[in-house]
$ cat query-v4.csv   # CSV, C-alpha atoms
chain,number,residue,atom,x,y,z
Z,18,MET,CA,0.0,0.0,0.0
Z,19,SER,CA,2.9,2.3,0.6
Z,20,GLU,CA,3.5,2.3,-3.2
Z,21,HIS,CA,0.1,3.9,-3.8
Z,22,PRO,CA,0.6,7.4,-5.3
Z,23,GLY,CA,-1.5,9.0,-2.6
Z,24,PHE,CA,-0.2,7.2,0.4
Z,25,GLU,CA,2.5,9.6,1.6
Z,26,GLN,CA,0.3,12.6,1.1
Z,27,LEU,CA,-2.6,11.1,3.1
Z,28,VAL,CA,-0.3,10.0,5.9
Z,29,PHE,CA,1.2,13.5,6.1
Z,30,LYS,CA,-2.3,15.0,6.0
Z,31,ALA,CA,-3.4,12.7,8.9
Z,32,LYS,CA,-0.5,13.9,11.0
Z,33,GLU,CA,-1.2,17.5,10.2
Z,34,LEU,CA,-4.9,17.1,11.1
Z,35,ASP,CA,-4.0,15.3,14.4
Z,36,GLY,CA,-1.6,18.1,15.2
Z,37,GLY,CA,-4.4,20.7,15.0
Z,38,ASP,CA,-7.0,18.6,16.9
Z,39,GLU,CA,-8.3,20.5,20.0
Z,40,LEU,CA,-10.0,17.3,21.3
Z,41,ALA,CA,-6.9,15.1,21.0
Z,42,GLY,CA,-6.2,15.3,24.7
Z,43,LYS,CA,-9.4,13.6,25.5
Z,44,ARG,CA,-8.1,10.3,24.1
Z,45,ALA,CA,-6.0,9.8,27.2
Z,46,GLN,CA,-9.2,9.7,29.3
Z,47,PHE,CA,-10.2,6.4,27.7
Z,48,LEU,CA,-8.9,2.8,28.0
Z,49,LEU,CA,-7.9,2.0,24.5
Z,50,ASP,CA,-5.6,-0.6,22.9
Z,51,ASP,CA,-3.4,-0.3,19.8
Z,52,GLY,CA,-6.2,-1.0,17.5
Z,53,VAL,CA,-8.6,1.4,15.7
Z,54,TYR,CA,-12.0,1.4,17.4
Z,55,LEU,CA,-14.7,2.6,15.0
Z,56,ASP,CA,-17.7,1.0,16.7
Z,57,GLY,CA,-18.5,3.7,19.3
Z,58,ASN,CA,-21.8,4.1,17.6
Z,59,SER,CA,-22.7,0.6,19.0
Z,60,LEU,CA,-20.7,0.7,22.3
Z,61,GLY,CA,-18.5,3.5,23.4
Z,62,ALA,CA,-15.0,2.9,24.8
Z,63,LEU,CA,-14.4,2.7,28.6
Z,64,PRO,CA,-13.5,6.1,30.2
Z,65,ARG,CA,-10.7,5.6,32.7
Z,66,SER,CA,-12.7,7.2,35.5
Z,67,VAL,CA,-15.4,4.5,35.5
Z,68,PRO,CA,-13.7,1.5,37.1
Z,69,GLY,CA,-12.6,3.3,40.2
Z,70,HIS,CA,-15.9,5.0,40.6
Z,71,VAL,CA,-17.8,1.8,40.2
Z,72,GLU,CA,-15.6,0.1,42.8
Z,73,ASP,CA,-16.4,3.0,45.2
Z,74,VAL,CA,-20.1,2.5,44.5
Z,75,VAL,CA,-19.9,-1.2,45.2
Z,76,ARG,CA,-17.4,-1.3,48.1
Z,77,ARG,CA,-18.2,1.9,50.0
Z,78,GLN,CA,-21.7,3.1,49.0
Z,79,TRP,CA,-23.3,-0.3,48.8
Z,80,GLY,CA,-20.8,-2.3,50.9
Z,81,ALA,CA,-20.3,0.0,53.9
Z,82,LEU,CA,-23.2,2.5,53.8
Z,83,LYS,CA,-25.8,0.1,52.5
Z,84,ILE,CA,-29.3,1.5,52.5
Z,85,ARG,CA,-28.0,4.9,53.8
Z,86,SER,CA,-26.6,5.6,50.3
Z,87,TRP,CA,-30.1,6.3,49.0
Z,88,ASP,CA,-29.7,9.6,50.9
Z,89,GLU,CA,-26.1,10.0,51.8
Z,90,SER,CA,-24.7,9.0,48.3
Z,91,GLY,CA,-27.4,10.7,46.3
Z,92,TRP,CA,-28.8,7.5,44.8
Z,93,TRP,CA,-32.4,8.7,45.0
Z,94,THR,CA,-31.8,11.8,43.0
Z,95,ALA,CA,-29.5,10.2,40.4
Z,96,PRO,CA,-32.0,9.9,37.6
Z,97,GLU,CA,-32.6,13.7,37.5
Z,98,ARG,CA,-29.0,14.7,38.4
Z,99,ILE,CA,-27.5,12.6,35.6
Z,100,GLY,CA,-30.3,13.8,33.3
Z,101,ASP,CA,-29.0,17.4,33.9
Z,102,LEU,CA,-25.5,16.2,32.8
Z,103,ILE,CA,-26.9,14.9,29.5
Z,104,ALA,CA,-29.1,18.0,29.0
Z,105,PRO,CA,-26.4,20.3,27.5
Z,106,LEU,CA,-25.3,17.6,25.1
Z,107,VAL,CA,-28.7,17.6,23.5
Z,108,GLY,CA,-29.5,21.3,23.8
Z,109,ALA,CA,-31.9,21.1,26.8
Z,110,ALA,CA,-32.1,23.2,30.0
Z,111,ASP,CA,-32.0,21.4,33.4
Z,112,GLY,CA,-35.1,19.7,34.7
Z,113,GLN,CA,-36.4,18.1,31.5
Z,114,ILE,CA,-34.5,14.8,31.3
Z,115,VAL,CA,-34.8,11.8,33.6
Z,116,VAL,CA,-32.4,8.8,33.2
Z,117,GLY,CA,-33.6,5.3,33.7
Z,118,ASP,CA,-35.0,2.2,32.0
Z,119,SER,CA,-34.0,1.0,28.5
Z,120,THR,CA,-34.5,3.0,25.3
Z,121,SER,CA,-37.3,0.7,24.3
Z,122,VAL,CA,-39.2,1.4,27.6
Z,123,ASN,CA,-38.7,5.1,27.1
Z,124,VAL,CA,-39.9,4.9,23.5
Z,125,PHE,CA,-43.1,3.3,24.8
Z,126,LYS,CA,-43.5,5.9,27.5
Z,127,ALA,CA,-42.9,8.8,25.1
Z,128,LEU,CA,-45.1,7.6,22.3
Z,129,VAL,CA,-48.1,6.6,24.4
Z,130,GLY,CA,-47.7,9.8,26.4
Z,131,ALA,CA,-47.6,11.8,23.2
Z,132,VAL,CA,-50.9,10.3,22.0
Z,133,ARG,CA,-52.4,11.2,25.4
Z,134,LEU,CA,-51.5,14.8,24.8
Z,135,VAL,CA,-53.9,15.2,21.8
Z,136,ASP,CA,-57.6,14.8,21.4
Z,137,ASP,CA,-59.2,11.5,20.4
Z,138,ALA,CA,-60.0,12.7,16.9
Z,139,ARG,CA,-56.3,12.3,16.0
Z,140,ASP,CA,-56.3,8.6,15.3
Z,141,GLU,CA,-53.1,8.0,13.4
Z,142,ILE,CA,-49.4,7.6,14.5
Z,143,LEU,CA,-46.7,8.1,11.9
Z,144,VAL,CA,-43.5,6.1,12.4
Z,145,ASP,CA,-40.1,6.3,10.6
Z,146,ALA,CA,-40.2,3.5,8.0
Z,147,THR,CA,-36.4,3.3,8.2
Z,148,THR,CA,-36.3,3.1,12.0
Z,149,PHE,CA,-34.4,0.7,14.2
Z,150,PRO,CA,-36.7,-2.3,14.4
Z,151,THR,CA,-37.5,-2.0,18.1
Z,152,ASP,CA,-39.0,1.5,17.6
Z,153,GLY,CA,-41.3,0.1,15.0
Z,154,TYR,CA,-42.4,-2.8,17.2
Z,155,ILE,CA,-43.2,-0.5,20.1
Z,156,ALA,CA,-45.0,2.0,17.8
Z,157,GLU,CA,-47.2,-0.9,16.6
Z,158,SER,CA,-47.9,-1.9,20.2
Z,159,ALA,CA,-48.6,1.7,21.2
Z,160,ALA,CA,-51.0,2.1,18.3
Z,161,ARG,CA,-53.0,-1.0,19.4
Z,162,LEU,CA,-53.1,0.1,23.0
Z,163,THR,CA,-54.3,3.6,22.2
Z,164,GLY,CA,-56.7,2.6,19.5
Z,165,ARG,CA,-54.8,4.4,16.8
Z,166,THR,CA,-53.7,3.4,13.3
Z,167,LEU,CA,-50.0,3.1,12.6
Z,168,ARG,CA,-48.5,4.3,9.3
Z,169,ALA,CA,-44.9,3.9,8.3
Z,170,VAL,CA,-43.4,6.6,6.2
Z,171,THR,CA,-39.8,7.8,5.5
Z,172,PRO,CA,-38.7,11.0,7.1
Z,173,GLY,CA,-38.8,12.7,3.7
Z,174,GLU,CA,-42.5,11.7,3.3
Z,175,VAL,CA,-43.6,13.0,6.7
Z,176,PRO,CA,-44.7,16.6,5.6
Z,177,ALA,CA,-47.0,15.2,3.0
Z,178,ALA,CA,-48.3,12.5,5.3
Z,179,LEU,CA,-49.3,14.8,8.1
Z,180,SER,CA,-53.0,15.7,8.5
Z,181,GLU,CA,-55.6,16.6,11.1
Z,182,ARG,CA,-55.7,12.8,11.9
Z,183,THR,CA,-52.0,12.8,13.0
Z,184,ALA,CA,-51.6,12.3,16.8
Z,185,ALA,CA,-47.8,11.8,17.0
Z,186,VAL,CA,-44.7,11.2,14.8
Z,187,LEU,CA,-41.8,9.0,15.9
Z,188,LEU,CA,-38.6,9.7,14.0
Z,189,ASN,CA,-34.9,8.8,14.3
Z,190,HIS,CA,-32.5,11.8,14.2
Z,191,VAL,CA,-29.8,9.6,12.5
Z,192,ASP,CA,-30.5,6.5,10.5
Z,193,TYR,CA,-28.7,3.6,12.2
Z,194,ARG,CA,-27.7,1.9,9.0
Z,195,THR,CA,-26.7,4.6,6.6
Z,196,GLY,CA,-25.7,7.4,9.0
Z,197,ARG,CA,-28.1,9.8,7.3
Z,198,LEU,CA,-29.0,12.8,9.5
Z,199,HIS,CA,-32.6,13.9,9.2
Z,200,ASP,CA,-33.7,17.5,9.5
Z,201,LEU,CA,-35.0,17.8,13.0
Z,202,PRO,CA,-35.8,21.5,13.0
Z,203,SER,CA,-38.0,21.5,9.8
Z,204,LEU,CA,-39.6,18.1,10.5
Z,205,THR,CA,-40.5,19.2,14.1
Z,206,ALA,CA,-42.0,22.5,12.7
Z,207,ALA,CA,-44.0,20.5,10.2
Z,208,VAL,CA,-45.4,18.2,12.9
Z,209,HIS,CA,-46.3,21.1,15.0
Z,210,ALA,CA,-48.0,22.9,12.1
Z,211,ALA,CA,-50.2,19.9,11.8
Z,212,GLY,CA,-51.1,20.0,15.5
Z,213,ALA,CA,-49.3,16.8,16.3
Z,214,ILE,CA,-46.6,15.8,18.8
Z,215,ALA,CA,-43.0,15.2,17.7
Z,216,VAL,CA,-41.0,12.4,19.3
Z,217,TRP,CA,-37.4,12.0,18.4
Z,218,ASP,CA,-35.0,9.0,18.9
Z,219,LEU,CA,-31.5,10.5,19.5
Z,220,CYS,CA,-29.6,7.2,20.0
Z,221,HIS,CA,-27.2,7.9,17.1
Z,222,SER,CA,-26.9,11.7,17.5
Z,223,ALA,CA,-26.5,12.5,21.2
Z,224,GLY,CA,-22.9,13.1,21.9
Z,225,ALA,CA,-22.0,13.3,18.3
Z,226,LEU,CA,-23.7,16.4,17.0
Z,227,PRO,CA,-25.8,19.4,18.2
Z,228,VAL,CA,-29.5,18.4,18.7
Z,229,GLY,CA,-31.2,21.6,19.9
Z,230,LEU,CA,-34.2,20.1,21.7
Z,231,ASP,CA,-35.2,23.3,23.4
Z,232,GLU,CA,-34.3,25.6,20.5
Z,233,HIS,CA,-36.4,23.6,18.0
Z,234,GLY,CA,-39.3,23.0,20.4
Z,235,VAL,CA,-39.1,19.2,20.4
Z,236,ASP,CA,-41.9,17.7,22.5
Z,237,LEU,CA,-40.5,14.4,23.6
Z,238,ALA,CA,-37.2,12.6,23.0
Z,239,ILE,CA,-35.5,9.5,24.0
Z,240,GLY,CA,-32.0,8.1,23.7
Z,241,CYS,CA,-29.5,5.5,24.9
Z,242,THR,CA,-26.2,6.3,26.7
Z,243,TYR,CA,-23.9,3.4,25.7
Z,244,LYS,CA,-23.0,4.8,22.3
Z,245,TYR,CA,-21.4,8.2,22.0
Z,246,LEU,CA,-22.0,8.9,25.7
Z,247,ASN,CA,-19.8,5.9,26.7
Z,248,GLY,CA,-22.0,4.8,29.6
Z,249,GLY,CA,-21.2,1.1,29.2
Z,250,PRO,CA,-23.2,-2.0,28.0
Z,251,GLY,CA,-26.8,-1.7,29.0
Z,252,SER,CA,-26.4,1.7,30.6
Z,253,PRO,CA,-29.8,3.3,31.3
Z,254,ALA,CA,-31.5,5.4,28.6
Z,255,TYR,CA,-33.2,8.8,29.1
Z,256,LEU,CA,-36.5,10.5,28.5
Z,257,TYR,CA,-36.9,14.2,27.6
Z,258,VAL,CA,-40.2,15.9,28.3
Z,259,ARG,CA,-40.4,19.6,27.3
Z,260,ARG,CA,-41.0,21.7,30.4
Z,261,ASP,CA,-44.3,23.2,29.3
Z,262,LEU,CA,-45.7,19.7,28.7
Z,263,GLN,CA,-44.6,18.1,31.9
Z,264,ASP,CA,-47.8,18.8,33.9
Z,265,ARG,CA,-49.8,17.1,31.1
Z,266,PHE,CA,-47.5,14.2,30.4
Z,267,ASP,CA,-49.4,11.1,31.3
Z,268,SER,CA,-47.0,8.2,31.5
Z,269,PRO,CA,-48.4,4.7,30.6
Z,270,LEU,CA,-46.1,3.2,33.2
Z,271,PRO,CA,-47.0,4.9,36.5
Z,272,GLY,CA,-44.6,3.4,39.1
Z,273,TRP,CA,-44.0,4.2,42.7
Z,274,ASN,CA,-40.8,6.1,41.8
Z,275,SER,CA,-42.9,8.6,39.7
Z,276,HIS,CA,-45.5,9.2,42.5
Z,277,ALA,CA,-45.8,12.6,44.0
Z,278,GLU,CA,-45.2,10.9,47.4
Z,279,PRO,CA,-43.2,7.7,46.7
Z,280,PHE,CA,-43.0,6.6,50.3
Z,281,GLY,CA,-46.6,7.5,51.1
Z,282,MET,CA,-47.7,4.2,49.7
Z,283,ARG,CA,-51.0,5.7,48.6
Z,284,GLU,CA,-53.6,3.6,47.0
Z,285,MET,CA,-54.3,6.2,44.3
Z,286,TYR,CA,-51.6,7.3,41.9
Z,287,GLU,CA,-50.6,11.0,41.8
Z,288,PRO,CA,-47.8,11.9,39.4
Z,289,ALA,CA,-44.8,13.8,40.6
Z,290,ALA,CA,-44.1,17.2,39.3
Z,291,GLY,CA,-41.6,17.8,36.5
Z,292,ALA,CA,-39.2,15.3,35.0
Z,293,PRO,CA,-39.5,12.7,37.8
Z,294,ARG,CA,-43.0,11.7,36.5
Z,295,GLY,CA,-41.0,9.9,33.7
Z,296,ARG,CA,-39.5,7.5,36.3
Z,297,VAL,CA,-41.1,4.1,36.9
Z,298,GLY,CA,-39.4,1.7,39.4
Z,299,THR,CA,-36.3,1.6,41.5
Z,300,PRO,CA,-33.3,3.0,39.5
Z,301,ASP,CA,-30.6,0.7,38.3
Z,302,ILE,CA,-27.9,2.3,40.5
Z,303,LEU,CA,-24.8,0.4,39.5
Z,304,SER,CA,-25.1,1.1,35.8
Z,305,MET,CA,-26.5,4.6,36.4
Z,306,LEU,CA,-23.5,5.7,38.5
Z,307,ALA,CA,-21.1,4.2,36.0
Z,308,LEU,CA,-22.8,6.4,33.4
Z,309,GLU,CA,-22.4,9.4,35.7
Z,310,ALA,CA,-18.6,8.8,36.0
Z,311,ALA,CA,-18.4,8.3,32.2
Z,312,LEU,CA,-20.0,11.7,31.5
Z,313,GLU,CA,-17.0,13.4,33.2
Z,314,VAL,CA,-15.1,13.1,29.9
Z,315,TRP,CA,-17.4,15.9,28.6
Z,316,ASP,CA,-16.1,18.4,31.0
Z,317,GLY,CA,-14.8,21.4,29.0
Z,318,VAL,CA,-16.0,20.0,25.7
Z,319,SER,CA,-18.5,21.8,23.4
Z,320,VAL,CA,-20.8,19.8,21.2
Z,321,GLU,CA,-19.9,22.2,18.3
Z,322,ALA,CA,-16.2,21.2,18.6
Z,323,VAL,CA,-17.2,17.5,18.5
Z,324,ARG,CA,-19.4,18.1,15.4
Z,325,ALA,CA,-16.6,19.9,13.6
Z,326,LYS,CA,-14.2,17.0,14.3
Z,327,SER,CA,-16.8,14.4,13.4
Z,328,LEU,CA,-17.3,15.9,10.0
Z,329,ALA,CA,-13.6,16.2,9.4
Z,330,LEU,CA,-13.0,12.6,10.4
Z,331,THR,CA,-15.8,11.3,8.2
Z,332,ASP,CA,-14.6,13.5,5.3
Z,333,PHE,CA,-11.1,12.2,5.6
Z,334,PHE,CA,-12.2,8.6,5.8
Z,335,LEU,CA,-14.2,9.0,2.6
Z,336,GLU,CA,-11.2,10.7,1.0
Z,337,CYS,CA,-8.9,7.8,2.1
Z,338,VAL,CA,-11.3,5.1,0.9
Z,339,ALA,CA,-11.6,6.8,-2.5
Z,340,ALA,CA,-7.8,6.9,-2.8
Z,341,TYR,CA,-7.0,3.4,-1.5
Z,342,VAL,CA,-9.9,1.1,-2.2
Z,343,PRO,CA,-10.0,-0.5,-5.7
Z,344,GLU,CA,-12.8,1.2,-7.8
Z,345,GLY,CA,-16.1,-0.6,-7.6
Z,346,ARG,CA,-15.4,-2.6,-4.4
Z,347,VAL,CA,-17.4,-0.4,-2.0
Z,348,GLU,CA,-20.3,2.1,-2.3
Z,349,SER,CA,-20.9,4.7,0.3
Z,350,LEU,CA,-24.5,4.9,1.6
Z,351,THR,CA,-23.7,7.9,3.8
Z,352,PRO,CA,-24.6,11.3,2.4
Z,353,VAL,CA,-21.7,13.5,1.3
Z,354,ARG,CA,-23.5,16.7,2.4
Z,355,HIS,CA,-22.6,17.7,5.9
Z,356,GLU,CA,-26.1,18.7,6.8
Z,357,GLU,CA,-27.3,15.2,6.0
Z,358,ARG,CA,-24.5,13.2,7.7
Z,359,GLY,CA,-24.3,11.8,11.3
Z,360,SER,CA,-21.0,10.5,12.7
Z,361,GLN,CA,-20.7,7.3,10.9
Z,362,VAL,CA,-19.9,6.0,7.4
Z,363,ALA,CA,-21.7,3.0,5.9
Z,364,LEU,CA,-20.2,1.2,3.0
Z,365,ARG,CA,-22.0,-1.3,0.9
Z,366,CYS,CA,-19.6,-4.2,0.1
Z,367,ALA,CA,-19.8,-7.7,-1.2
Z,368,GLU,CA,-19.2,-10.3,1.5
Z,369,ALA,CA,-19.4,-7.5,4.1
Z,370,GLY,CA,-19.6,-9.9,7.0
Z,371,GLU,CA,-16.4,-11.8,6.1
Z,372,VAL,CA,-14.6,-8.5,5.3
Z,373,MET,CA,-15.5,-7.1,8.7
Z,374,ARG,CA,-14.3,-10.3,10.4
Z,375,ARG,CA,-10.9,-9.9,8.7
Z,376,LEU,CA,-10.7,-6.2,9.6
Z,377,ILE,CA,-11.4,-6.9,13.2
Z,378,GLY,CA,-8.7,-9.6,13.1
Z,379,ARG,CA,-6.3,-6.9,12.0
Z,380,GLY,CA,-7.3,-4.4,14.8
Z,381,VAL,CA,-9.8,-2.3,12.9
Z,382,VAL,CA,-13.1,-2.7,14.7
Z,383,GLY,CA,-16.3,-1.6,13.0
Z,384,ASP,CA,-19.5,-3.6,12.5
Z,385,PHE,CA,-21.6,-5.4,9.9
Z,386,ARG,CA,-25.2,-4.8,9.2
Z,387,ARG,CA,-27.1,-7.4,7.0
Z,388,PRO,CA,-27.0,-8.0,4.2
Z,389,ASP,CA,-24.0,-6.1,2.9
Z,390,VAL,CA,-23.1,-3.0,5.0
Z,391,LEU,CA,-19.8,-2.2,6.7
Z,392,ARG,CA,-20.5,0.4,9.3
Z,393,PHE,CA,-17.8,2.6,10.9
Z,394,GLY,CA,-18.6,5.0,13.7
Z,395,PHE,CA,-16.4,8.0,14.5
Z,396,THR,CA,-16.3,9.1,18.1
Z,397,PRO,CA,-14.4,12.4,18.1
Z,398,LEU,CA,-13.3,12.2,21.8
Z,399,TYR,CA,-11.0,9.3,21.1
Z,400,VAL,CA,-10.7,8.7,17.3
Z,401,GLY,CA,-7.9,10.5,15.5
Z,402,PHE,CA,-7.0,11.1,11.9
Z,403,ALA,CA,-4.2,8.6,11.9
Z,404,ASP,CA,-6.7,6.0,13.0
Z,405,VAL,CA,-8.9,7.0,10.0
Z,406,GLU,CA,-6.1,6.6,7.5
Z,407,ARG,CA,-5.1,3.3,8.9
Z,408,ALA,CA,-8.6,1.9,8.8
Z,409,ALA,CA,-9.0,2.9,5.2
Z,410,ARG,CA,-5.7,1.4,4.3
Z,411,VAL,CA,-6.4,-1.9,6.0
Z,412,LEU,CA,-9.8,-2.1,4.3
Z,413,ALA,CA,-8.2,-1.5,0.9
Z,414,GLU,CA,-5.6,-4.2,1.6
Z,415,GLU,CA,-8.3,-6.7,2.5
Z,416,LEU,CA,-10.4,-5.9,-0.5
Z,417,ARG,CA,-7.4,-6.3,-2.8
$ encode --input "query-v4.csv" --output "structure tokens"
Amino acid sequence: MSEHPGFEQLVFKAKELDGGDELAGKRAQFLLDDGVYLDGNSLGALPRSVPGHVEDVVRRQWGALKIRSWDESGWWTAPERIGDLIAPLVGAADGQIVVGDSTSVNVFKALVGAVRLVDDARDEILVDATTFPTDGYIAESAARLTGRTLRAVTPGEVPAALSERTAAVLLNHVDYRTGRLHDLPSLTAAVHAAGAIAVWDLCHSAGALPVGLDEHGVDLAIGCTYKYLNGGPGSPAYLYVRRDLQDRFDSPLPGWNSHAEPFGMREMYEPAAGAPRGRVGTPDILSMLALEAALEVWDGVSVEAVRAKSLALTDFFLECVAAYVPEGRVESLTPVRHEERGSQVALRCAEAGEVMRRLIGRGVVGDFRRPDVLRFGFTPLYVGFADVERAARVLAEELR
């Protein structure tokens, strides 16, 4: 590969770009090996602060303090406290995000809650036809439970599909397969113009690019924390409820943790005020506090800087792939235009599963999506430009 006419120029460009990277120092805050990790869009790398913090939670908070930690260690308020740490990463003010449960559970809460915010004449739910399967499954269940009809449309078809029948619209900010970024501001505005509720899934955008929940008037949003937020496998998800909707948000899962008086053990349910009404049962403290420690890596980081580097990384990867990979061996499914691109690159490739297996064997870790997609995620806090060049070069060598 070193004989390729563009090799030396691209290696030099990678070094030059790494030299001007304002986020380069963040890499040291993660536990990384000598490989190239481009799967942070599935599971983020481990921040160095997490193991010690989890040990303290287990040995001191649980082991020594035991039940006292609900008060003395702040366990009880963790869902809202950690929600406020996530809030600036998605453009939200404090008091609108609660952390807990899985993404799937929060999709259910948000979508049923959205339908309950409108009148019964609105009898149709729109769901992103390109969505991650779970969102579609839950949307179908929510429609049955609320007596609505479900219609699947692509994000581009949403404006034309909206009507006075539309109750709620569930959309993905970034397509999990192709990395296409959808236009949250204009789609939210269109949903509102039709009198419906906008629900956004932020799993592939939170921590990778600006979202602007408050700025764009998003009603409800959900997202996971184990991708670009590096919370660890199975770390709890979050639910955003816009402040002016909170007193009307009627969760379909009213648990004791979301009661106005949790320890009153009342026979009748009375929802708590504010974001806590999005809670359900006892918080999953071990994984939740691991997430809290993981979020420390965001200290001093602006989402705008992350976005700028993300676009530069994906631009450079596409440039290297075009220079190194034999013509016709891969096809990019990820949009070229920055305003349409998330923080991943998806390449269509023959025998993609086998190709990815070989890449991983050589220390370049991405993932494979059936039937023929190589997916590479670029996490700006720990991926550098030399990593990008190496990944494209190894890919080219395997495809030759």
$ closest_atom_pairs --input "query-v4.csv" --of "region 33-144 of chain Z" --to "region 200-218 of chain Z" --cutoff "12 Å" --atoms "only C-alpha atoms" --output "JSON lines"
{"residue": "Z:Val107", "atom": "CA", "partner": "Z:Trp217", "partner_atom": "CA", "distance": 11.5}
{"residue": "Z:Thr120", "atom": "CA", "partner": "Z:Asp218", "partner_atom": "CA", "distance": 8.8}
{"residue": "Z:Ser121", "atom": "CA", "partner": "Z:Asp218", "partner_atom": "CA", "distance": 10.2}
{"residue": "Z:Asn123", "atom": "CA", "partner": "Z:Asp218", "partner_atom": "CA", "distance": 9.8}
{"residue": "Z:Val124", "atom": "CA", "partner": "Z:Asp218", "partner_atom": "CA", "distance": 7.9}
{"residue": "Z:Phe125", "atom": "CA", "partner": "Z:Val216", "partner_atom": "CA", "distance": 10.8}
{"residue": "Z:Lys126", "atom": "CA", "partner": "Z:Val216", "partner_atom": "CA", "distance": 10.8}
{"residue": "Z:Ala127", "atom": "CA", "partner": "Z:Val216", "partner_atom": "CA", "distance": 7.1}
{"residue": "Z:Leu128", "atom": "CA", "partner": "Z:Val216", "partner_atom": "CA", "distance": 7.0}
{"residue": "Z:Val129", "atom": "CA", "partner": "Z:Val216", "partner_atom": "CA", "distance": 10.5}
{"residue": "Z:Gly130", "atom": "CA", "partner": "Z:Ile214", "partner_atom": "CA", "distance": 9.7}
{"residue": "Z:Ala131", "atom": "CA", "partner": "Z:Ile214", "partner_atom": "CA", "distance": 6.0}
{"residue": "Z:Val132", "atom": "CA", "partner": "Z:Ile214", "partner_atom": "CA", "distance": 7.7}
{"residue": "Z:Arg133", "atom": "CA", "partner": "Z:Ile214", "partner_atom": "CA", "distance": 9.9}
{"residue": "Z:Leu134", "atom": "CA", "partner": "Z:Ile214", "partner_atom": "CA", "distance": 7.8}
{"residue": "Z:Val135", "atom": "CA", "partner": "Z:Ala213", "partner_atom": "CA", "distance": 7.3}
{"residue": "Z:Asp136", "atom": "CA", "partner": "Z:Ala213", "partner_atom": "CA", "distance": 9.9}
{"residue": "Z:Asp137", "atom": "CA", "partner": "Z:Ala213", "partner_atom": "CA", "distance": 12.0}
{"residue": "Z:Ala138", "atom": "CA", "partner": "Z:Ala213", "partner_atom": "CA", "distance": 11.5}
{"residue": "Z:Arg139", "atom": "CA", "partner": "Z:Ala213", "partner_atom": "CA", "distance": 8.3}
{"residue": "Z:Asp140", "atom": "CA", "partner": "Z:Ala213", "partner_atom": "CA", "distance": 10.8}
{"residue": "Z:Glu141", "atom": "CA", "partner": "Z:Ala213", "partner_atom": "CA", "distance": 10.0}
{"residue": "Z:Ile142", "atom": "CA", "partner": "Z:Ala213", "partner_atom": "CA", "distance": 9.4}
{"residue": "Z:Leu143", "atom": "CA", "partner": "Z:Ala215", "partner_atom": "CA", "distance": 9.9}
{"residue": "Z:Val144", "atom": "CA", "partner": "Z:Val216", "partner_atom": "CA", "distance": 9.7}
$ closest_residue --input "query-v4.csv" --among "Z:Val116, Z:Ala169, Z:Ile103, Z:Leu63" --to "Asp301 (chain Z)" --atoms "all atoms listed in the file"
Z:Val116
$ atom_distance --input "query-v4.csv" --atom1 "CA of Glu414 (chain Z)" --atom2 "CA of Ala329 (chain Z)"
23.3 Å
$ atom_distance --input "query-v4.csv" --atom1 "CA of Asp389 (chain Z)" --atom2 "CA of Gly370 (chain Z)"
7.1 Å
$ atom_distance --input "query-v4.csv" --atom1 "CA of Val382 (chain Z)" --atom2 "CA of Tyr54 (chain Z)"
5.0 Å
